[in-house]
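K.L.:
Got a file for you: structure.cif, mmCIF, C-alpha atoms (C1' of nucleotides).
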data_target
#
loop_
_atom_site.label_atom_id
_atom_site.label_comp_id
_atom_site.auth_asym_id
_atom_site.auth_seq_id
_atom_site.Cartn_x
_atom_site.Cartn_y
_atom_site.Cartn_z
CA MET H 375 7.57 9.81 17.14
CA GLU H 376 9.07 8.29 14.03
CA ILE H 377 9.18 4.61 13.24
CA ALA H 378 10.92 2.94 10.33
CA THR H 379 11.28 -0.50 8.83
CA TRP H 380 14.17 -1.84 6.76
CA ASN H 381 15.14 -5.22 5.39
CA VAL H 382 18.88 -4.73 5.93
CA ASN H 383 20.05 -7.99 4.29
CA SER H 384 22.65 -8.86 6.93
CA VAL H 385 23.16 -6.40 9.76
CA ARG H 386 26.82 -7.38 10.10
CA ALA H 387 27.56 -6.52 6.47
CA ARG H 388 25.49 -3.33 6.80
CA ALA H 389 26.21 -2.02 10.32
CA GLN H 390 27.84 1.21 9.11
CA ARG H 391 25.09 2.03 6.65
CA VAL H 392 22.34 1.29 9.16
CA THR H 393 23.88 3.32 11.96
CA GLN H 394 24.54 6.22 9.59
CA PHE H 395 20.85 6.09 8.68
CA LEU H 396 19.94 6.27 12.38
CA GLU H 397 22.30 9.19 12.94
CA ARG H 398 20.83 11.02 9.97
CA THR H 399 17.13 10.43 10.58
CA GLN H 400 17.04 10.03 14.38
CA VAL H 401 14.01 7.73 14.05
CA ASP H 402 12.80 6.56 17.45
CA VAL H 403 12.33 2.94 16.43
CA LEU H 404 13.82 1.01 13.50
CA ALA H 405 12.40 -2.44 12.81
CA MET H 406 14.88 -4.58 10.89
CA GLN H 407 14.47 -7.78 8.90
CA GLU H 408 16.97 -10.29 7.56
CA ILE H 409 19.59 -9.49 10.16
CA LYS H 410 21.06 -12.92 9.25
CA CYS H 411 22.71 -13.55 12.61
CA LYS H 412 22.19 -14.80 16.14
CA PRO H 413 21.73 -12.25 18.94
CA GLU H 414 25.28 -12.84 20.20
CA GLN H 415 26.62 -11.95 16.73
CA PHE H 416 24.74 -8.63 16.48
CA PRO H 417 27.00 -5.53 16.15
CA TYR H 418 25.56 -3.90 19.29
CA ALA H 419 28.52 -1.56 19.83
CA ASP H 420 27.98 0.22 16.51
CA PHE H 421 24.37 0.94 17.48
CA GLU H 422 25.23 1.99 21.04
CA ALA H 423 27.78 4.42 19.63
CA VAL H 424 24.99 6.37 17.92
CA GLY H 425 22.60 6.23 20.88
CA TYR H 426 20.46 3.18 20.14
CA GLU H 427 19.68 -0.02 21.99
CA VAL H 428 18.78 -3.25 20.25
CA ILE H 429 16.51 -6.26 20.66
CA ALA H 430 17.53 -9.02 18.26
CA HIS H 431 15.88 -12.31 17.42
CA GLY H 432 17.83 -14.62 15.11
CA LEU H 433 18.48 -18.36 15.07
CA ASN H 434 21.07 -18.79 12.30
CA GLN H 435 22.27 -17.15 9.08
CA TRP H 436 18.75 -16.97 7.66
CA ASN H 437 15.93 -14.55 8.41
CA GLY H 438 16.21 -12.79 11.76
CA VAL H 439 14.34 -9.69 12.98
CA ALA H 440 15.24 -6.89 15.37
CA PHE H 441 14.48 -3.46 16.77
CA ALA H 442 16.86 -0.57 17.30
CA TYR H 443 15.38 2.15 19.48
CA LYS H 444 16.49 5.32 21.21
CA LYS H 445 18.03 4.77 24.61
CA ASP H 446 15.30 6.62 26.51
CA LEU H 447 12.59 4.24 25.26
CA ALA H 448 11.73 1.17 27.29
CA PRO H 449 10.01 -1.48 25.19
CA THR H 450 7.76 -3.95 26.97
CA ASP H 451 5.96 -7.21 26.18
CA ILE H 452 8.65 -8.55 23.86
CA GLU H 453 7.56 -11.61 21.89
CA THR H 454 9.68 -13.59 19.43
CA SER H 455 6.68 -14.99 17.57
CA PHE H 456 2.98 -14.20 17.28
CA PRO H 457 0.30 -16.60 18.57
CA GLN H 458 -0.18 -19.57 16.22
CA GLN H 459 2.72 -18.49 14.00
CA PRO H 460 3.26 -21.43 11.64
CA HIS H 461 6.37 -23.60 11.52
CA PHE H 462 8.35 -24.50 8.41
CA LYS H 463 9.82 -28.01 8.40
CA ASP H 464 9.33 -28.27 12.18
CA SER H 465 11.15 -24.99 12.75
CA LEU H 466 9.63 -21.83 14.20
CA GLU H 467 11.72 -19.38 12.20
CA ALA H 468 12.87 -15.93 13.33
CA ARG H 469 10.40 -13.94 11.25
CA ALA H 470 8.43 -11.94 13.82
CA LEU H 471 9.38 -9.77 16.77
CA GLY H 472 6.81 -7.83 18.76
CA ALA H 473 7.43 -5.05 21.27
CA THR H 474 5.43 -2.17 22.71
CA PHE H 475 6.97 1.29 22.55
CA GLY H 476 4.93 3.77 24.54
CA ASP H 477 1.35 3.02 23.50
CA ILE H 478 2.24 1.47 20.14
CA ARG H 479 2.55 -2.27 19.58
CA ILE H 480 5.02 -2.85 16.74
CA TRP H 481 5.66 -6.13 14.92
CA SER H 482 8.84 -6.43 12.86
CA LEU H 483 7.91 -8.98 10.19
CA TYR H 484 9.82 -10.92 7.57
CA VAL H 485 7.10 -12.72 5.65
CA PRO H 486 8.23 -15.97 3.94
CA HIS H 487 9.20 -15.57 0.30
CA GLY H 488 7.05 -18.35 -1.15
CA ARG H 489 9.72 -19.51 -3.64
CA GLY H 490 7.20 -20.73 -6.22
CA LEU H 491 3.44 -20.92 -6.68
CA ASP H 492 3.42 -24.70 -6.14
CA ASP H 493 6.18 -24.76 -3.53
CA PRO H 494 5.39 -25.77 0.08
CA HIS H 495 6.97 -22.45 1.02
CA MET H 496 4.02 -20.68 -0.62
CA ASP H 497 1.54 -22.47 1.67
CA TYR H 498 3.75 -21.44 4.56
CA LYS H 499 3.69 -17.82 3.37
CA LEU H 500 -0.09 -17.72 3.07
CA GLU H 501 -0.59 -19.42 6.41
CA PHE H 502 1.86 -17.04 8.07
CA LEU H 503 -0.19 -14.04 6.94
CA GLU H 504 -3.56 -15.67 7.66
CA ARG H 505 -2.56 -16.40 11.24
CA LEU H 506 -1.03 -12.97 11.72
CA GLY H 507 -4.29 -11.49 10.46
CA SER H 508 -6.32 -13.62 12.85
CA HIS H 509 -4.13 -12.53 15.75
CA VAL H 510 -4.42 -8.80 15.13
CA ALA H 511 -8.14 -9.13 14.34
CA GLU H 512 -8.60 -10.63 17.81
CA GLU H 513 -6.58 -7.84 19.39
CA LEU H 514 -8.74 -5.24 17.67
CA GLU H 515 -11.90 -7.06 18.64
CA GLU H 516 -10.87 -6.98 22.29
CA ASP H 517 -9.84 -3.33 22.10
CA PRO H 518 -10.78 -1.39 18.95
CA SER H 519 -8.52 1.46 20.04
CA SER H 520 -5.40 -0.75 19.94
CA GLN H 521 -2.45 1.05 18.38
CA ILE H 522 -0.78 -1.64 16.27
CA ALA H 523 1.83 -1.24 13.53
CA LEU H 524 2.63 -4.23 11.31
CA VAL H 525 5.89 -3.34 9.62
CA GLY H 526 8.39 -5.13 7.45
CA ASP H 527 9.03 -7.09 4.30
CA PHE H 528 5.68 -8.58 3.27
CA ASN H 529 7.03 -10.10 0.06
CA ILE H 530 3.81 -9.18 -1.73
CA ALA H 531 3.21 -6.51 -4.36
CA PRO H 532 -0.48 -5.62 -3.88
CA LEU H 533 -0.89 -3.66 -7.13
CA ASP H 534 0.39 -4.24 -10.66
CA SER H 535 2.05 -0.82 -10.44
CA ASP H 536 4.07 -2.10 -7.47
CA VAL H 537 6.36 -4.07 -9.83
CA PHE H 538 8.22 -2.94 -12.91
CA ASN H 539 6.76 -5.69 -15.07
CA VAL H 540 3.95 -7.80 -13.70
CA GLY H 541 4.58 -10.48 -16.32
CA PHE H 542 8.11 -10.99 -15.03
CA PHE H 543 6.89 -12.40 -11.71
CA ASP H 544 4.79 -15.34 -10.65
CA THR H 545 5.12 -15.14 -6.88
CA HIS H 546 4.52 -11.83 -5.04
CA VAL H 547 1.77 -10.82 -7.48
CA SER H 548 -0.49 -13.91 -7.46
CA GLN H 549 -4.13 -13.62 -6.48
CA PRO H 550 -3.87 -15.81 -3.36
CA GLU H 551 -1.05 -13.62 -2.06
CA ARG H 552 -2.89 -10.41 -2.82
CA ASP H 553 -6.07 -11.79 -1.27
CA VAL H 554 -4.36 -12.59 2.01
CA PHE H 555 -2.69 -9.17 2.05
CA GLU H 556 -6.04 -7.49 1.52
CA VAL H 557 -7.38 -9.15 4.66
CA PHE H 558 -5.45 -6.61 6.70
CA GLU H 559 -7.33 -3.81 5.01
CA GLN H 560 -10.62 -5.55 5.71
CA ILE H 561 -9.70 -5.79 9.38
CA GLY H 562 -9.08 -2.04 9.39
CA PHE H 563 -5.36 -1.65 8.74
CA THR H 564 -4.07 1.07 6.41
CA ASP H 565 -1.03 0.92 4.16
CA LEU H 566 -0.03 4.45 5.05
CA HIS H 567 2.44 5.00 2.24
CA ARG H 568 -0.30 4.71 -0.37
CA LYS H 569 -1.34 8.16 0.83
CA PHE H 570 2.01 9.82 1.46
CA VAL H 571 4.17 8.15 -1.21
CA PRO H 572 1.84 6.65 -3.83
CA GLU H 573 4.65 5.97 -6.31
CA GLY H 574 7.90 4.11 -5.94
CA TYR H 575 9.56 0.85 -5.06
CA THR H 576 11.22 -0.37 -1.87
CA TYR H 577 13.34 -3.17 -3.38
CA TRP H 578 15.57 -3.58 -6.44
CA ASP H 579 17.39 -6.82 -7.21
CA TYR H 580 21.18 -6.60 -7.19
CA LYS H 581 21.26 -8.29 -10.59
CA ASP H 582 20.75 -6.91 -14.09
CA LEU H 583 21.06 -3.18 -13.35
CA ARG H 584 17.68 -3.24 -11.70
CA PHE H 585 18.29 -0.09 -9.68
CA PRO H 586 19.77 2.14 -12.40
CA ARG H 587 16.88 1.07 -14.59
CA ASN H 588 14.43 1.57 -11.72
CA GLU H 589 13.06 -1.94 -12.14
CA GLY H 590 11.96 -2.71 -8.61
CA MET H 591 9.15 -3.90 -6.37
CA ARG H 592 7.13 -2.29 -3.62
CA ILE H 593 6.96 -4.99 -0.98
CA ASP H 594 7.91 -3.30 2.31
CA PHE H 595 5.06 -1.74 4.24
CA ILE H 596 3.89 -0.08 7.42
CA LEU H 597 0.30 -1.11 8.16
CA SER H 598 -1.43 0.85 10.91
CA SER H 599 -4.52 -0.04 12.95
CA PRO H 600 -7.46 2.40 12.73
CA GLU H 601 -6.64 4.62 15.72
CA LEU H 602 -2.95 4.65 14.88
CA THR H 603 -3.73 5.66 11.30
CA GLU H 604 -5.36 8.82 12.65
CA ARG H 605 -2.03 9.82 14.17
CA ILE H 606 0.14 9.39 11.06
CA THR H 607 1.33 12.78 9.84
CA ALA H 608 3.96 11.88 7.23
CA GLY H 609 5.64 9.00 5.45
CA SER H 610 8.65 8.47 3.23
CA ILE H 611 10.50 5.83 1.24
CA GLU H 612 14.25 6.40 1.57
CA ARG H 613 15.15 5.62 -2.00
CA ASP H 614 18.63 7.14 -1.75
CA GLU H 615 19.62 4.34 0.63
CA ARG H 616 19.87 2.04 -2.41
CA LYS H 617 22.76 4.17 -3.75
CA GLY H 618 26.44 4.18 -2.91
CA GLU H 619 28.75 1.55 -1.47
CA GLY H 620 27.33 -1.72 -0.20
CA PRO H 621 23.60 -1.00 -0.04
CA SER H 622 20.92 -3.44 1.03
CA ASP H 623 18.64 -4.45 -1.84
CA HIS H 624 15.76 -2.92 0.18
CA VAL H 625 15.40 0.69 1.38
CA PRO H 626 13.89 2.01 4.65
CA VAL H 627 10.29 3.13 4.94
CA ILE H 628 9.50 5.79 7.60
CA ALA H 629 6.28 6.93 9.30
CA SER H 630 5.82 10.00 11.50
CA ILE H 631 3.29 9.68 14.30
CA SER H 632 1.86 12.55 16.35
CA GLY H 633 1.83 12.34 20.14
"C1'" DA N 1033 26.02 8.21 -12.35
"C1'" DT N 1034 22.14 4.90 -9.23
"C1'" DG N 1035 26.18 0.42 -13.34
"C1'" DA N 1036 26.08 -5.59 -14.85
"C1'" DC N 1037 24.43 -9.78 -7.58
"C1'" DT N 1038 25.24 -10.53 -2.52
"C1'" DC N 1039 25.18 -12.87 1.84
"C1'" DG N 1040 26.99 -16.41 5.09
"C1'" DA N 1041 27.67 -21.00 5.43
"C1'" DC N 1042 32.67 -22.75 4.86
"C1'" DT N 1043 37.55 -22.48 2.55
"C1'" DA N 1044 34.81 -24.11 -3.01
"C1'" DT N 1045 30.73 -24.09 -3.86
"C1'" DC N 1046 26.03 -23.40 -2.74
"C1'" DG N 1047 21.30 -22.28 -0.93
"C1'" DA N 1048 18.55 -18.40 -0.65
"C1'" DG N 1049 16.86 -14.18 -1.91
"C1'" DA N 1050 12.48 -11.97 -5.19
#
Render the structure in this file as structure tokens.
P.N.:
Amino acid sequence: MEIATWNVNSVRARAQRVTQFLERTQVDVLAMQEIKCKPEQFPYADFEAVGYEVIAHGLNQWNGVAFAYKKDLAPTDIETSFPQQPHFKDSLEARALGATFGDIRIWSLYVPHGRGLDDPHMDYKLEFLERLGSHVAEELEEDPSSQIALVGDFNIAPLDSDVFNVGFFDTHVSQPERDVFEVFEQIGFTDLHRKFVPEGYTYWDYKDLRFPRNEGMRIDFILSSPELTERITAGSIERDERKGEGPSDHVPVIASISG
DNA sequence: ATGACTCGACTATCGAGA
């Protein structure tokens, strides 16, 4: 089984590129972030045409998360937020979508950006990750063999080498953000691409020739719970998806799972 | 070339992204 995650930066603007990716890779499940549309606006027909069904969760033109999955899969226990997921300005935003595929619980996550170190959005970001961590820690406490994959755009660069110039950034590299990211490791989750693809970015800004100059950030991850980690056989970062006509500013990240 | 932002709101500019 192969799972992938991709911040598509508008699924309506990107439907052809995303479906061509599915045709090429035949991943079983693709978790998407920033679909930027409501479910009724999702380009379902394009996905059906290449053999995929879709679960979409979006409230407006911002955020939005979804799954595309092969037609023979039957996801269960669909949730459009995790327990205690924080609100921003009284709104429970479309930033998390959970579904179980076979024996694997997958969360498609679009972690808040933060906007600035002293911005209320940063508190929101940290709280979002703290509460997500508490939730999965409870799940693992109840059943240590739980197969959980936390996938998506975490908007954090855990290591200095995950950005082209650490001095260029204030958010994404700050200690509070890195501390809250590290909690997942302490709970037992593994960033599987550290092993399979130790080098490379997953995001390059559209501005300032960031991609040709390879000035990017590594902020999209697949985190696997202990028993799931044992089943990971391969991983890749699909860097070529940043090339060509009308790319997203992020590229897909893929994990292969045995069984 | 991998090339100088892009998206969706609206319809002219603007918030948001990171």
K.L.:
Please find the residues of chain H near chain N - the criterion being any atom within 6 Å, counting all atoms listed in the file - and write them as a tab-separated table (two decimals) with C-alpha atoms, in the coordinates of the input.
P.N.:
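Result written to iface10.tsv:
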chain	number	residue	atom	x	y	z
H	580	TYR	CA	21.18	-6.60	-7.19
H	581	LYS	CA	21.26	-8.29	-10.59
H	582	ASP	CA	20.75	-6.91	-14.09
H	583	LEU	CA	21.06	-3.18	-13.35
H	586	PRO	CA	19.77	2.14	-12.40
H	617	LYS	CA	22.76	4.17	-3.75
K.L.:
Evaluate the PyMOL selection byres ((chain H and resi 553) around 12) and record the selected residues as a ChimeraX atom specification, following the chain and residue labels used in the document.
P.N.:
/H:500,503-504,507,530-533,546-552,554-560
K.L.:
For the selection just defined, write its residues with C-alpha atoms to a file, as a PDB file, in the coordinates of the input.
P.N.:
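Everything below was put into selection_5.pdb:
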ATOM      1  CA  LEU H 500      -0.090 -17.720   3.070  1.00  0.00           C
ATOM      2  CA  LEU H 503      -0.190 -14.040   6.940  1.00  0.00           C
ATOM      3  CA  GLU H 504      -3.560 -15.670   7.660  1.00  0.00           C
ATOM      4  CA  GLY H 507      -4.290 -11.490  10.460  1.00  0.00           C
ATOM      5  CA  ILE H 530       3.810  -9.180  -1.730  1.00  0.00           C
ATOM      6  CA  ALA H 531       3.210  -6.510  -4.360  1.00  0.00           C
ATOM      7  CA  PRO H 532      -0.480  -5.620  -3.880  1.00  0.00           C
ATOM      8  CA  LEU H 533      -0.890  -3.660  -7.130  1.00  0.00           C
ATOM      9  CA  HIS H 546       4.520 -11.830  -5.040  1.00  0.00           C
ATOM     10  CA  VAL H 547       1.770 -10.820  -7.480  1.00  0.00           C
ATOM     11  CA  SER H 548      -0.490 -13.910  -7.460  1.00  0.00           C
ATOM     12  CA  GLN H 549      -4.130 -13.620  -6.480  1.00  0.00           C
ATOM     13  CA  PRO H 550      -3.870 -15.810  -3.360  1.00  0.00           C
ATOM     14  CA  GLU H 551      -1.050 -13.620  -2.060  1.00  0.00           C
ATOM     15  CA  ARG H 552      -2.890 -10.410  -2.820  1.00  0.00           C
ATOM     16  CA  VAL H 554      -4.360 -12.590   2.010  1.00  0.00           C
ATOM     17  CA  PHE H 555      -2.690  -9.170   2.050  1.00  0.00           C
ATOM     18  CA  GLU H 556      -6.040  -7.490   1.520  1.00  0.00           C
ATOM     19  CA  VAL H 557      -7.380  -9.150   4.660  1.00  0.00           C
ATOM     20  CA  PHE H 558      -5.450  -6.610   6.700  1.00  0.00           C
ATOM     21  CA  GLU H 559      -7.330  -3.810   5.010  1.00  0.00           C
ATOM     22  CA  GLN H 560     -10.620  -5.550   5.710  1.00  0.00           C
TER      23      GLN H 560
END
K.L.:
Would you pick out the contacts of Glu376 of chain H at 9 Å or less, using only C-alpha atoms (C1' of nucleotides), so that residues sharing its chain but fewer than 2 positions from it are not included, and give the list as a list in words?
P.N.:
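Close residues of Glu376 of chain H: Ala378, Gln400, Val401, Asp402, Val403, Leu404, Ile628, Ala629, Ser630, Ile631 and Ser632 of chain H.
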K.L.:
Applied to this file, what does the PyMOL selection byres ((chain H and resi 491) around 7) return in terms of residues, put as a PyMOL selection string?
P.N.:
chain H and resi 490+492-493+496+544-545
K.L.:
Would you list the contacts of Tyr426 of chain H as a PyMOL selection string, taking every protein, DNA or RNA residue within 8 Å and counting all atoms listed in the file, but skipping same-chain residues closer than 2 positions in sequence?
P.N.:
chain H and resi 421-424+428+442-445
K.L.:
With only C-alpha atoms as the atoms that count, which of H:Ile561, H:Leu447, H:Ile452, H:Ala389 lies nearest to Phe475 of chain H?
P.N.:
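Using only C-alpha atoms, the shortest distance to Phe475 of chain H belongs to H:Leu447.
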K.L.:
Report, in Å to a single decimal, how far apart atom CA of Gln435 of chain H and atom CA of Cys411 of chain H are.
P.N.:
5.1 Å
K.L.:
Just give me the gap between atom CA of Ala448 of chain H and atom CA of Gly472 of chain H in Å, one decimal is fine.
P.N.:
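Going from atom CA of Ala448 of chain H over to atom CA of Gly472 of chain H, I get 13.3 Å.
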K.L.:
Any chance you could work out the residue set of the PyMOL selection byres ((chain H and resi 487) around 7) here, as a VMD selection string?
P.N.:
chain H and resid 485 to 486 488 to 489 499 529
K.L.:
At a cut-off of 10 Å around the point (15.5, 5.2, 0.2) (file coordinates), what residues fall inside when counting only C-alpha atoms (C1' of nucleotides)? I'd like the answer as a list in words.
P.N.:
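Every polymer residue passing the test: Trp380, Gly574, Tyr575, Thr576, Tyr577, Ser610, Ile611, Glu612, Arg613, Asp614, Glu615, Arg616, Lys617, His624, Val625, Pro626, Val627 and Ile628 of chain H.
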K.L.:
For a test of reading the model, state the distance in Å between atom CA of Asn539 of chain H and atom CA of Asp579 of chain H, rounded to one decimal.
P.N.:
13.3 Å
K.L.:
Contacts of Asn437 of chain H at 6 Å or less, counting all atoms listed in the file, minus same-chain residues fewer than 4 places along, as a VMD selection string?
P.N.:
chain H and resid 408 410 468
K.L.:
Applying 12 Å and all atoms listed in the file, which residues near His461 of chain H remain after dropping the ones on its own chain fewer than 2 positions away? List them as a PyMOL selection string.
P.N.:
chain H and resi 455-459+463-469+486+494-495+497-499+501-502+505
K.L.:
With 4 Å on each side, where is the centre of the axis-aligned box around all listed atoms of segment 608-623 of chain H, and how long are its edges in Å to one decimal, as lines of an AutoDock Vina configuration file?
P.N.:
center_x = 16.4
center_y = 3.7
center_z = 1.7
size_x = 32.8
size_y = 24.3
size_z = 19.0
K.L.:
Which one of H:Tyr484, H:Phe416, H:Phe441, H:Phe595 sits closest to Val571 of chain H if you count all atoms listed in the file?
P.N.:
H:Phe595
